[in-house]
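K.L.:
Pasting coords-v2.cif here (mmCIF, C-alpha atoms):
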```
data_model
#
loop_
_atom_site.group_PDB
_atom_site.id
_atom_site.type_symbol
_atom_site.label_atom_id
_atom_site.label_comp_id
_atom_site.auth_asym_id
_atom_site.auth_seq_id
_atom_site.Cartn_x
_atom_site.Cartn_y
_atom_site.Cartn_z
ATOM 1 C CA MET I 235 81.787 128.108 78.984
ATOM 2 C CA ALA I 236 85.096 127.354 77.339
ATOM 3 C CA PHE I 237 88.324 125.774 78.539
ATOM 4 C CA SER I 238 91.830 126.093 77.180
ATOM 5 C CA VAL I 239 92.989 122.486 77.186
ATOM 6 C CA ALA I 240 96.575 121.984 78.347
ATOM 7 C CA PHE I 241 97.219 118.303 79.003
ATOM 8 C CA ALA I 242 99.907 117.322 81.478
ATOM 9 C CA ALA I 243 102.779 115.172 80.238
ATOM 10 C CA LEU I 244 101.940 111.631 81.245
ATOM 11 C CA ALA I 245 105.317 110.050 80.641
ATOM 12 C CA GLY I 246 107.335 112.600 82.623
ATOM 13 C CA CYS I 247 109.927 113.184 79.894
ATOM 14 C CA ASP I 248 111.038 115.993 77.608
ATOM 15 C CA SER I 249 109.218 116.038 74.244
ATOM 16 C CA THR I 250 112.542 115.905 72.407
ATOM 17 C CA GLU I 251 113.219 112.506 73.979
ATOM 18 C CA MET I 252 109.887 110.867 73.150
ATOM 19 C CA VAL I 253 109.937 107.474 71.495
ATOM 20 C CA THR I 254 107.212 105.507 69.739
ATOM 21 C CA TYR I 255 105.979 102.446 71.634
ATOM 22 C CA GLU I 256 103.557 100.001 70.018
ATOM 23 C CA ALA I 257 101.395 98.412 72.673
ATOM 24 C CA ARG I 258 100.746 94.685 72.666
ATOM 25 C CA SER I 259 97.129 93.531 72.472
ATOM 26 C CA GLY I 260 97.312 91.947 75.932
ATOM 27 C CA GLU I 261 98.876 95.011 77.549
ATOM 28 C CA ALA I 262 96.072 96.508 79.655
ATOM 29 C CA PHE I 263 95.798 99.424 82.052
ATOM 30 C CA PHE I 264 93.385 101.716 83.925
ATOM 31 C CA GLU I 265 92.667 105.246 82.737
ATOM 32 C CA THR I 266 90.980 105.900 86.110
ATOM 33 C CA ASP I 267 92.868 104.343 89.020
ATOM 34 C CA SER I 268 90.367 104.899 91.845
ATOM 35 C CA TYR I 269 86.607 104.687 92.334
ATOM 36 C CA SER I 270 84.299 105.250 95.299
ATOM 37 C CA GLU I 271 80.958 103.552 95.923
ATOM 38 C CA PHE I 272 78.531 104.696 98.609
ATOM 39 C CA LEU I 273 75.834 102.124 99.338
ATOM 40 C CA GLU I 274 72.359 102.897 100.648
ATOM 41 C CA THR I 275 71.473 99.274 101.420
ATOM 42 C CA GLY I 276 73.238 96.043 102.315
ATOM 43 C CA GLY I 277 72.859 92.785 100.435
ATOM 44 C CA GLU I 278 74.201 91.866 97.007
ATOM 45 C CA HIS I 279 75.911 94.462 94.806
ATOM 46 C CA THR I 280 78.098 94.544 91.713
ATOM 47 C CA CYS I 281 80.851 96.941 90.748
ATOM 48 C CA THR I 282 82.262 97.504 87.260
ATOM 49 C CA VAL I 283 85.555 99.198 86.416
ATOM 50 C CA SER I 284 86.739 100.048 82.912
ATOM 51 C CA VAL I 285 89.940 98.445 81.626
ATOM 52 C CA ALA I 286 91.725 99.760 78.525
ATOM 53 C CA ARG I 287 94.425 98.468 76.213
ATOM 54 C CA GLY I 288 96.645 100.193 73.682
ATOM 55 C CA ASN I 289 96.140 97.730 70.821
ATOM 56 C CA ALA I 290 92.666 96.560 69.782
ATOM 57 C CA GLY I 291 93.870 93.603 67.728
ATOM 58 C CA GLY I 292 92.827 90.108 68.735
ATOM 59 C CA GLN I 293 90.647 88.461 71.366
ATOM 60 C CA VAL I 294 92.549 88.425 74.670
ATOM 61 C CA SER I 295 92.027 87.260 78.262
ATOM 62 C CA VAL I 296 94.065 89.503 80.557
ATOM 63 C CA PRO I 297 94.915 88.029 84.009
ATOM 64 C CA VAL I 298 93.642 89.991 87.016
ATOM 65 C CA ASN I 299 94.681 89.899 90.660
ATOM 66 C CA PHE I 300 91.938 90.908 93.107
ATOM 67 C CA SER I 301 92.272 91.652 96.829
ATOM 68 C CA VAL I 302 90.525 93.501 99.656
ATOM 69 C CA ASP I 303 92.114 95.339 102.583
ATOM 70 C CA ASN I 304 89.923 93.660 105.228
ATOM 71 C CA GLU I 305 90.533 89.915 105.333
ATOM 72 C CA SER I 306 87.400 89.309 107.407
ATOM 73 C CA LEU I 307 85.290 90.618 104.492
ATOM 74 C CA ALA I 308 87.225 88.881 101.692
ATOM 75 C CA SER I 309 84.792 85.960 101.524
ATOM 76 C CA ALA I 310 81.960 88.372 100.667
ATOM 77 C CA PHE I 311 83.576 89.141 97.286
ATOM 78 C CA ASP I 312 83.399 87.141 94.059
ATOM 79 C CA ALA I 313 85.791 88.414 91.379
ATOM 80 C CA PRO I 314 86.837 86.947 87.985
ATOM 81 C CA SER I 315 90.489 86.086 87.460
ATOM 82 C CA THR I 316 90.547 87.650 83.963
ATOM 83 C CA VAL I 317 89.101 90.537 81.983
ATOM 84 C CA GLU I 318 88.004 89.704 78.432
ATOM 85 C CA PHE I 319 88.698 91.830 75.338
ATOM 86 C CA ALA I 320 86.964 90.999 72.056
ATOM 87 C CA ASP I 321 88.801 91.544 68.784
ATOM 88 C CA GLY I 322 88.625 95.252 67.910
ATOM 89 C CA GLU I 323 87.855 96.416 71.464
ATOM 90 C CA LEU I 324 90.051 98.975 73.210
ATOM 91 C CA TYR I 325 87.914 98.898 76.373
ATOM 92 C CA ALA I 326 86.407 96.093 78.435
ATOM 93 C CA ASP I 327 84.402 95.959 81.659
ATOM 94 C CA TYR I 328 85.657 94.098 84.693
ATOM 95 C CA THR I 329 82.784 93.328 87.077
ATOM 96 C CA PHE I 330 82.956 91.840 90.556
ATOM 97 C CA SER I 331 80.151 91.141 93.026
ATOM 98 C CA TYR I 332 79.960 91.314 96.799
ATOM 99 C CA ASP I 333 77.602 91.033 99.762
ATOM 100 C CA ALA I 334 77.525 94.264 101.794
ATOM 101 C CA THR I 335 75.415 92.861 104.626
ATOM 102 C CA GLY I 336 78.384 93.085 107.028
ATOM 103 C CA LEU I 337 79.023 96.788 106.451
ATOM 104 C CA ALA I 338 77.711 99.293 109.012
ATOM 105 C CA PRO I 339 77.091 103.004 108.180
ATOM 106 C CA GLY I 340 80.453 104.704 107.727
ATOM 107 C CA GLU I 341 82.351 101.420 107.485
ATOM 108 C CA SER I 342 84.358 100.900 104.321
ATOM 109 C CA VAL I 343 86.408 98.297 102.527
ATOM 110 C CA VAL I 344 88.885 98.870 99.686
ATOM 111 C CA ALA I 345 89.069 96.394 96.815
ATOM 112 C CA THR I 346 92.189 96.445 94.624
ATOM 113 C CA VAL I 347 92.234 95.250 91.020
ATOM 114 C CA SER I 348 95.734 94.695 89.600
ATOM 115 C CA LEU I 349 97.038 93.927 86.113
ATOM 116 C CA ALA I 350 100.504 93.005 84.872
ATOM 117 C CA ASP I 351 102.965 95.894 84.667
ATOM 118 C CA THR I 352 103.247 97.698 81.355
ATOM 119 C CA ASP I 353 105.618 100.134 79.681
ATOM 120 C CA LEU I 354 102.660 102.371 78.847
ATOM 121 C CA PRO I 355 102.364 105.540 80.988
ATOM 122 C CA TYR I 356 99.191 104.445 82.796
ATOM 123 C CA SER I 357 98.308 102.750 86.046
ATOM 124 C CA THR I 358 97.978 98.973 86.259
ATOM 125 C CA THR I 359 96.349 99.096 89.704
ATOM 126 C CA CYS I 360 92.852 100.355 90.475
ATOM 127 C CA SER I 361 91.341 100.764 93.948
ATOM 128 C CA VAL I 362 87.619 100.759 94.699
ATOM 129 C CA SER I 363 86.553 102.218 98.043
ATOM 130 C CA ILE I 364 83.162 100.827 99.120
ATOM 131 C CA MET I 365 81.319 102.442 102.027
ATOM 132 C CA MET I 366 77.882 101.940 103.542
ATOM 133 C CA ASP I 367 76.333 105.383 103.360
ATOM 134 C CA TYR I 368 74.998 107.443 106.245
ATOM 135 C CA THR I 369 71.579 108.992 106.807
ATOM 136 C CA TRP I 370 71.902 112.623 105.694
ATOM 137 C CA SER I 371 70.125 115.696 107.117
ATOM 138 C CA ALA I 372 70.277 119.297 105.889
ATOM 139 C CA TYR I 373 72.865 121.274 107.891
ATOM 140 C CA ALA I 374 73.228 124.638 106.148
ATOM 141 C CA THR I 375 72.575 126.499 102.899
ATOM 142 C CA GLY I 376 74.874 128.900 101.096
ATOM 143 C CA THR I 377 76.523 129.847 97.832
ATOM 144 C CA TYR I 378 78.888 127.544 95.982
ATOM 145 C CA THR I 379 81.257 129.218 93.502
ATOM 146 C CA SER I 380 83.104 127.193 90.859
ATOM 147 C CA ALA I 381 86.237 128.686 89.315
ATOM 148 C CA SER I 382 86.337 126.155 86.478
ATOM 149 C CA MET I 383 82.642 126.380 85.573
ATOM 150 C CA GLU I 384 82.674 130.175 86.040
ATOM 151 C CA ALA I 385 79.366 129.994 87.910
ATOM 152 C CA ASP I 386 77.843 130.163 91.382
ATOM 153 C CA TRP I 387 74.632 128.702 92.766
ATOM 154 C CA THR I 388 72.717 128.061 95.990
ATOM 155 C CA LEU I 389 73.569 124.719 97.574
ATOM 156 C CA THR I 390 72.642 122.713 100.673
ATOM 157 C CA LEU I 391 75.290 121.165 102.901
ATOM 158 C CA TYR I 392 74.225 117.875 104.539
ATOM 159 C CA ARG I 393 75.542 116.218 107.716
ATOM 160 C CA ALA I 394 75.437 112.509 108.638
ATOM 161 C CA GLU I 395 73.119 111.610 111.506
ATOM 162 C CA GLU I 396 75.312 108.679 112.557
ATOM 163 C CA ASP I 397 78.540 110.712 112.553
ATOM 164 C CA PRO I 398 78.400 114.537 112.914
ATOM 165 C CA THR I 399 81.888 114.920 111.412
ATOM 166 C CA GLN I 400 80.746 113.678 107.979
ATOM 167 C CA PHE I 401 79.381 116.160 105.398
ATOM 168 C CA ARG I 402 78.368 116.153 101.754
ATOM 169 C CA PHE I 403 77.045 118.245 98.885
ATOM 170 C CA GLU I 404 74.544 116.197 96.850
ATOM 171 C CA ASN I 405 74.833 116.409 93.051
ATOM 172 C CA TRP I 406 76.804 119.546 93.711
ATOM 173 C CA TYR I 407 77.722 120.425 90.096
ATOM 174 C CA MET I 408 74.245 119.865 88.595
ATOM 175 C CA ASP I 409 73.300 123.569 88.799
ATOM 176 C CA ALA I 410 76.469 124.598 86.946
ATOM 177 C CA ASP I 411 75.529 123.040 83.604
ATOM 178 C CA PRO I 412 72.353 121.275 82.388
ATOM 179 C CA SER I 413 74.416 118.362 81.022
ATOM 180 C CA VAL I 414 75.848 117.353 84.424
ATOM 181 C CA GLU I 415 74.864 113.808 85.371
ATOM 182 C CA GLU I 416 73.051 112.985 88.614
ATOM 183 C CA GLY I 417 74.584 110.907 91.387
ATOM 184 C CA TYR I 418 77.925 112.647 92.003
ATOM 185 C CA ASP I 419 78.485 114.079 95.490
ATOM 186 C CA LEU I 420 81.324 115.896 97.220
ATOM 187 C CA LYS I 421 81.897 114.263 100.618
ATOM 188 C CA PHE I 422 84.358 115.257 103.319
ATOM 189 C CA SER I 423 85.112 115.108 107.036
ATOM 190 C CA TRP I 424 85.060 118.250 109.227
ATOM 191 C CA ASP I 425 84.731 118.714 112.980
ATOM 192 C CA GLY I 426 82.363 121.676 112.618
ATOM 193 C CA SER I 427 84.755 124.427 113.689
ATOM 194 C CA SER I 428 88.425 123.959 112.757
ATOM 195 C CA GLU I 429 90.033 124.642 109.372
ATOM 196 C CA TYR I 430 90.947 120.987 108.771
ATOM 197 C CA ILE I 431 89.051 119.066 106.037
ATOM 198 C CA ALA I 432 89.677 115.430 105.057
ATOM 199 C CA PHE I 433 88.431 113.092 102.325
ATOM 200 C CA SER I 434 87.712 109.355 102.325
ATOM 201 C CA GLU I 435 88.719 108.805 98.681
ATOM 202 C CA PRO I 436 92.094 107.075 98.214
ATOM 203 C CA ALA I 437 94.933 109.599 97.872
ATOM 204 C CA ASP I 438 97.596 109.317 95.173
ATOM 205 C CA ILE I 439 101.353 109.496 95.763
ATOM 206 C CA TYR I 440 101.096 113.292 95.999
ATOM 207 C CA GLY I 441 98.401 113.146 98.684
ATOM 208 C CA CYS I 442 95.677 114.418 96.319
ATOM 209 C CA VAL I 443 92.232 112.895 95.719
ATOM 210 C CA SER I 444 90.170 112.764 92.509
ATOM 211 C CA ILE I 445 86.420 113.349 92.869
ATOM 212 C CA PRO I 446 84.133 112.999 89.798
ATOM 213 C CA THR I 447 81.835 115.967 89.165
ATOM 214 C CA GLY I 448 79.285 114.410 86.808
ATOM 215 C CA TYR I 449 80.260 116.860 84.059
ATOM 216 C CA LEU I 450 81.418 115.216 80.807
ATOM 217 C CA TYR I 451 83.954 117.173 78.756
ATOM 218 C CA GLY I 452 83.355 116.169 75.148
ATOM 219 C CA SER I 453 85.176 113.030 74.024
ATOM 220 C CA TYR I 454 87.478 113.189 77.065
ATOM 221 C CA GLY I 455 84.685 111.999 79.345
ATOM 222 C CA MET I 456 84.249 112.574 83.055
ATOM 223 C CA THR I 457 85.804 115.598 84.732
ATOM 224 C CA TYR I 458 87.249 115.478 88.244
ATOM 225 C CA LEU I 459 88.259 117.844 90.981
ATOM 226 C CA TYR I 460 91.848 116.793 91.692
ATOM 227 C CA ILE I 461 91.861 118.178 95.230
ATOM 228 C CA ASP I 462 94.943 118.980 97.296
ATOM 229 C CA PRO I 463 93.876 118.591 100.970
ATOM 230 C CA ASN I 464 96.932 120.572 102.100
ATOM 231 C CA TYR I 465 95.454 123.756 100.607
ATOM 232 C CA THR I 466 91.804 122.927 101.256
ATOM 233 C CA TYR I 467 90.348 124.395 104.461
ATOM 234 C CA TYR I 468 87.477 126.051 106.329
ATOM 235 C CA ASP I 469 87.754 129.781 107.070
ATOM 236 C CA THR I 470 85.959 130.425 110.370
ATOM 237 C CA GLY I 471 85.841 134.196 109.965
ATOM 238 C CA GLU I 472 84.262 133.978 106.512
ATOM 239 C CA SER I 473 82.157 130.847 107.215
ATOM 240 C CA MET I 474 83.681 129.555 103.988
ATOM 241 C CA PHE I 475 84.975 126.234 102.699
ATOM 242 C CA CYS I 476 87.808 126.475 100.173
ATOM 243 C CA PHE I 477 88.587 123.492 97.909
ATOM 244 C CA ASN I 478 91.936 123.786 96.111
ATOM 245 C CA TYR I 479 92.117 121.666 92.945
ATOM 246 C CA GLN I 480 92.939 121.150 89.302
ATOM 247 C CA PHE I 481 90.067 120.466 86.897
ATOM 248 C CA ILE I 482 91.086 117.257 85.103
ATOM 249 C CA VAL I 483 90.040 114.399 82.818
ATOM 250 C CA SER I 484 91.729 111.001 82.626
ATOM 251 C CA ALA I 485 94.120 112.260 79.924
ATOM 252 C CA GLY I 486 95.388 115.257 81.909
ATOM 253 C CA TYR I 487 94.390 118.634 83.262
ATOM 254 C CA LEU I 488 91.984 121.147 81.730
ATOM 255 C CA ALA I 489 92.914 124.122 83.886
ATOM 256 C CA ASP I 490 95.588 125.112 86.385
ATOM 257 C CA TRP I 491 95.132 125.114 90.162
ATOM 258 C CA ALA I 492 92.098 127.068 91.357
ATOM 259 C CA ASP I 493 89.691 127.310 94.302
ATOM 260 C CA ASP I 494 86.020 126.446 94.572
ATOM 261 C CA THR I 495 84.305 127.958 97.610
ATOM 262 C CA PHE I 496 81.127 127.444 99.602
ATOM 263 C CA VAL I 497 79.996 130.230 101.940
ATOM 264 C CA ILE I 498 77.515 129.263 104.666
ATOM 265 C CA GLU I 499 74.629 131.763 104.767
ATOM 266 C CA ASN I 500 71.921 129.974 106.763
ATOM 267 C CA MET I 501 72.190 127.264 109.412
ATOM 268 C CA LEU I 502 69.316 124.764 109.407
#
```
Just give me the structure of the file as structure tokens.
P.N.:
Amino acid sequence: MAFSVAFAALAGCDSTEMVTYEARSGEAFFETDSYSEFLETGGEHTCTVSVARGNAGGQVSVPVNFSVDNESLASAFDAPSTVEFADGELYADYTFSYDATGLAPGESVVATVSLADTDLPYSTTCSVSIMMDYTWSAYATGTYTSASMEADWTLTLYRAEEDPTQFRFENWYMDADPSVEEGYDLKFSWDGSSEYIAFSEPADIYGCVSIPTGYLYGSYGMTYLYIDPNYTYYDTGESMFCFNYQFIVSAGYLADWADDTFVIENML
């Protein structure tokens, strides 16, 4: 499989107007601005997000603001007030801990990690959506077809026992390429009959969501389906789910808009 790499312009300006900007060593940002964690058990957990900087010179402590969207759960979180870069490091891990005992299946909380604003064309805010996972049962089998991977394979669709509107494909890209990592699912909400599909991942300013596939694209790292829910739907007549997306990495897009499909063939 081969891709023609065409990265999107990150700064939103014409190439003839580009200027050189030398980042300061304490100027940090997020290459990935949203994460999702699905927990199988309560109790103590940790979460680590990657923080980058544009200049590796010097040992620096970068201030961090941390908040959660549910004040009643805020006391369950313990988060450092800084992220530490060693001299020569472009990347550093920021790790916070929390007690998920108070989360029920399907209940979520969003933690937000914020850095000082920067002139670099990257995000300085990262959101982490944490949800207690459901109990999943097989719902249907069918054929999943990936436009970007140029492959199709048999896949099982699972439904949550606690909430029949919640569905997922487990490790859904693993059959597309032997290098795909385990532990990456495609989850969505659907009422079982209508064309409307929704996602729990945080949407960006365009209303799109980024879902990691588990497939690593060379030195560019993790690939994502950058899904547009407005053009993602279920076709009742064809018993088919259609996911409209761009195939992207953190630096930009690998391919233009395309559709992945899943056709239900057997109900379980």
K.L.:
Could you tell me which of I:Tyr332, I:Trp424, I:Tyr392, I:Phe264 comes closest to Leu307 (chain I) if we count only C-alpha atoms?
P.N.:
I:Tyr332
K.L.:
For a quick check of your reading of the model, name the residues lying within 6 Å of the coordinate (78.1, 112.3, 86.4), counting all atoms listed in the file, and write them as an mmCIF file with C-alpha atoms, in the frame of the given file.
P.N.:
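Result went into selection.cif, see below:
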```cif
data_model
loop_
_atom_site.group_PDB
_atom_site.id
_atom_site.type_symbol
_atom_site.label_atom_id
_atom_site.label_comp_id
_atom_site.auth_asym_id
_atom_site.auth_seq_id
_atom_site.Cartn_x
_atom_site.Cartn_y
_atom_site.Cartn_z
ATOM 1 C CA VAL I 414 75.848 117.353 84.424
ATOM 2 C CA GLU I 415 74.864 113.808 85.371
ATOM 3 C CA GLU I 416 73.051 112.985 88.614
ATOM 4 C CA TYR I 418 77.925 112.647 92.003
ATOM 5 C CA THR I 447 81.835 115.967 89.165
ATOM 6 C CA GLY I 448 79.285 114.410 86.808
ATOM 7 C CA TYR I 449 80.260 116.860 84.059
#
```
K.L.:
Distance CA of Ser315 (chain I)-CA of Arg287 (chain I), one decimal place?
P.N.:
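Separating CA of Ser315 (chain I) from CA of Arg287 (chain I) is a distance of 17.2 Å.
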K.L.:
Given the file shown, determine the residues that the PyMOL selection byres ((chain I and resi 359) around 8) selects; report them as a list in words.
P.N.:
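Output from the PyMOL selection byres ((chain I and resi 359) around 8), applied to this file: Phe263, Phe264, Asp267, Thr346, Val347, Ser348, Leu349, Ser357, Thr358, Cys360 and Ser361 of chain I.
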K.L.:
So how far away is CA of Met365 (chain I) from CA of Asp397 (chain I), in Å?
P.N.:
13.7 Å
K.L.:
Could you tell me which of I:Thr316, I:Ser301, I:Asn500, I:Thr375 comes closest to Ala345 (chain I) if we count only C-alpha atoms?
P.N.:
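So, comparing all the options, the nearest one is I:Ser301.
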K.L.:
Find the residue from I:Ser295, I:Ser306, I:Tyr407, I:Gly276 that sits nearest to Ala381 (chain I); use all atoms listed in the file when measuring.
P.N.:
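The shortest atom-to-atom distance to Ala381 (chain I) comes from I:Tyr407.
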K.L.:
What residues come out when you apply the PyMOL selection byres ((chain I and resi 444) around 8) to this file, written as a JSON list (two decimals) with C-alpha atoms, in the coordinates of the input?
P.N.:
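Printed below is expr_19.json as written:
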```
[["chain", "number", "residue", "atom", "x", "y", "z"],
["I", 268, "SER", "CA", 90.37, 104.90, 91.84],
["I", 435, "GLU", "CA", 88.72, 108.80, 98.68],
["I", 437, "ALA", "CA", 94.93, 109.60, 97.87],
["I", 442, "CYS", "CA", 95.68, 114.42, 96.32],
["I", 443, "VAL", "CA", 92.23, 112.90, 95.72],
["I", 445, "ILE", "CA", 86.42, 113.35, 92.87],
["I", 446, "PRO", "CA", 84.13, 113.00, 89.80],
["I", 458, "TYR", "CA", 87.25, 115.48, 88.24],
["I", 459, "LEU", "CA", 88.26, 117.84, 90.98],
["I", 460, "TYR", "CA", 91.85, 116.79, 91.69],
["I", 461, "ILE", "CA", 91.86, 118.18, 95.23]]
```
K.L.:
Expand the PyMOL selection byres ((chain I and resi 427) around 12) into the explicit residue set it covers here, and present it as a list in words.
P.N.:
Pro398, Thr399, Ser423, Trp424, Asp425, Gly426, Ser428, Glu429, Tyr430, Ile431, Tyr467, Tyr468, Asp469, Thr470, Gly471, Glu472, Ser473, Met474 and Phe475 of chain I
K.L.:
Tell me, in Å to one decimal, how far CA of Phe477 (chain I) is from CA of Ser284 (chain I).
P.N.:
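Value for the CA of Phe477 (chain I)-CA of Ser284 (chain I) distance: 27.9 Å.
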K.L.:
Looking at all atoms listed in the file, which of I:Glu323, I:Glu305, I:Glu395, I:Glu271 is the one that sits closest to Tyr368 (chain I)?
P.N.:
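Smallest separation from Tyr368 (chain I) among the options: I:Glu395.
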K.L.:
Please identify every residue of region 314-413 of chain I that has at least one atom no farther than 12 Å from an atom of region 479-489 of chain I, counting all atoms listed in the file, and for each give the shortest atom pair and the distance in Å to one decimal, arranged by chain then increasing number, as JSON lines.
P.N.:
```
{"residue": "I:Pro355", "atom": "CA", "partner": "I:Ala485", "partner_atom": "CA", "distance": 10.7}
{"residue": "I:Tyr356", "atom": "CA", "partner": "I:Ala485", "partner_atom": "CA", "distance": 9.7}
{"residue": "I:Ser357", "atom": "CA", "partner": "I:Ser484", "partner_atom": "CA", "distance": 11.1}
{"residue": "I:Ser380", "atom": "CA", "partner": "I:Phe481", "partner_atom": "CA", "distance": 10.5}
{"residue": "I:Ala381", "atom": "CA", "partner": "I:Phe481", "partner_atom": "CA", "distance": 9.4}
{"residue": "I:Ser382", "atom": "CA", "partner": "I:Phe481", "partner_atom": "CA", "distance": 6.8}
{"residue": "I:Met383", "atom": "CA", "partner": "I:Phe481", "partner_atom": "CA", "distance": 9.6}
```
K.L.:
Would you kindly return, as a list in words, each protein, DNA or RNA residue with an atom no farther than 6 Å from any atom of Asp333 (chain I), considering all atoms listed in the file and excluding same-chain residues fewer than 4 positions away?
P.N.:
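Returned residues: Gly277, Glu278 and Ala310 of chain I.
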K.L.:
Those residues with C-alpha atoms, as a PDB file, keeping the file's coordinate frame please?
P.N.:
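Result went into out_18.pdb, see below:
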```pdb
ATOM      1  CA  GLY I 277      72.859  92.785 100.435  1.00  0.00           C
ATOM      2  CA  GLU I 278      74.201  91.866  97.007  1.00  0.00           C
ATOM      3  CA  ALA I 310      81.960  88.372 100.667  1.00  0.00           C
TER       4      ALA I 310
END
```
K.L.:
Name the closest residue to Tyr269 (chain I) among the candidates I:Val317, I:Leu354, I:Ile364, I:Leu450; distances are taken between atoms, counting only C-alpha atoms.
P.N.:
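Ranked by minimum distance to Tyr269 (chain I), first place goes to I:Ile364.
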K.L.:
When distances are computed from all atoms listed in the file, which of I:Asp351, I:Asp312, I:Glu261, I:Glu341 shows the smallest separation from Tyr325 (chain I)?
P.N.:
I:Glu261
K.L.:
Quick one: everything within 10 Å of Thr275 (chain I), counting all atoms listed in the file, minus sequence neighbours fewer than 3 positions away in the same chain. Send it as a list of chain:residue names.
P.N.:
I:Phe272, I:Glu278, I:His279, I:Ala334, I:Thr335, I:Leu337, I:Ala338, I:Pro339, I:Met366, I:Asp367
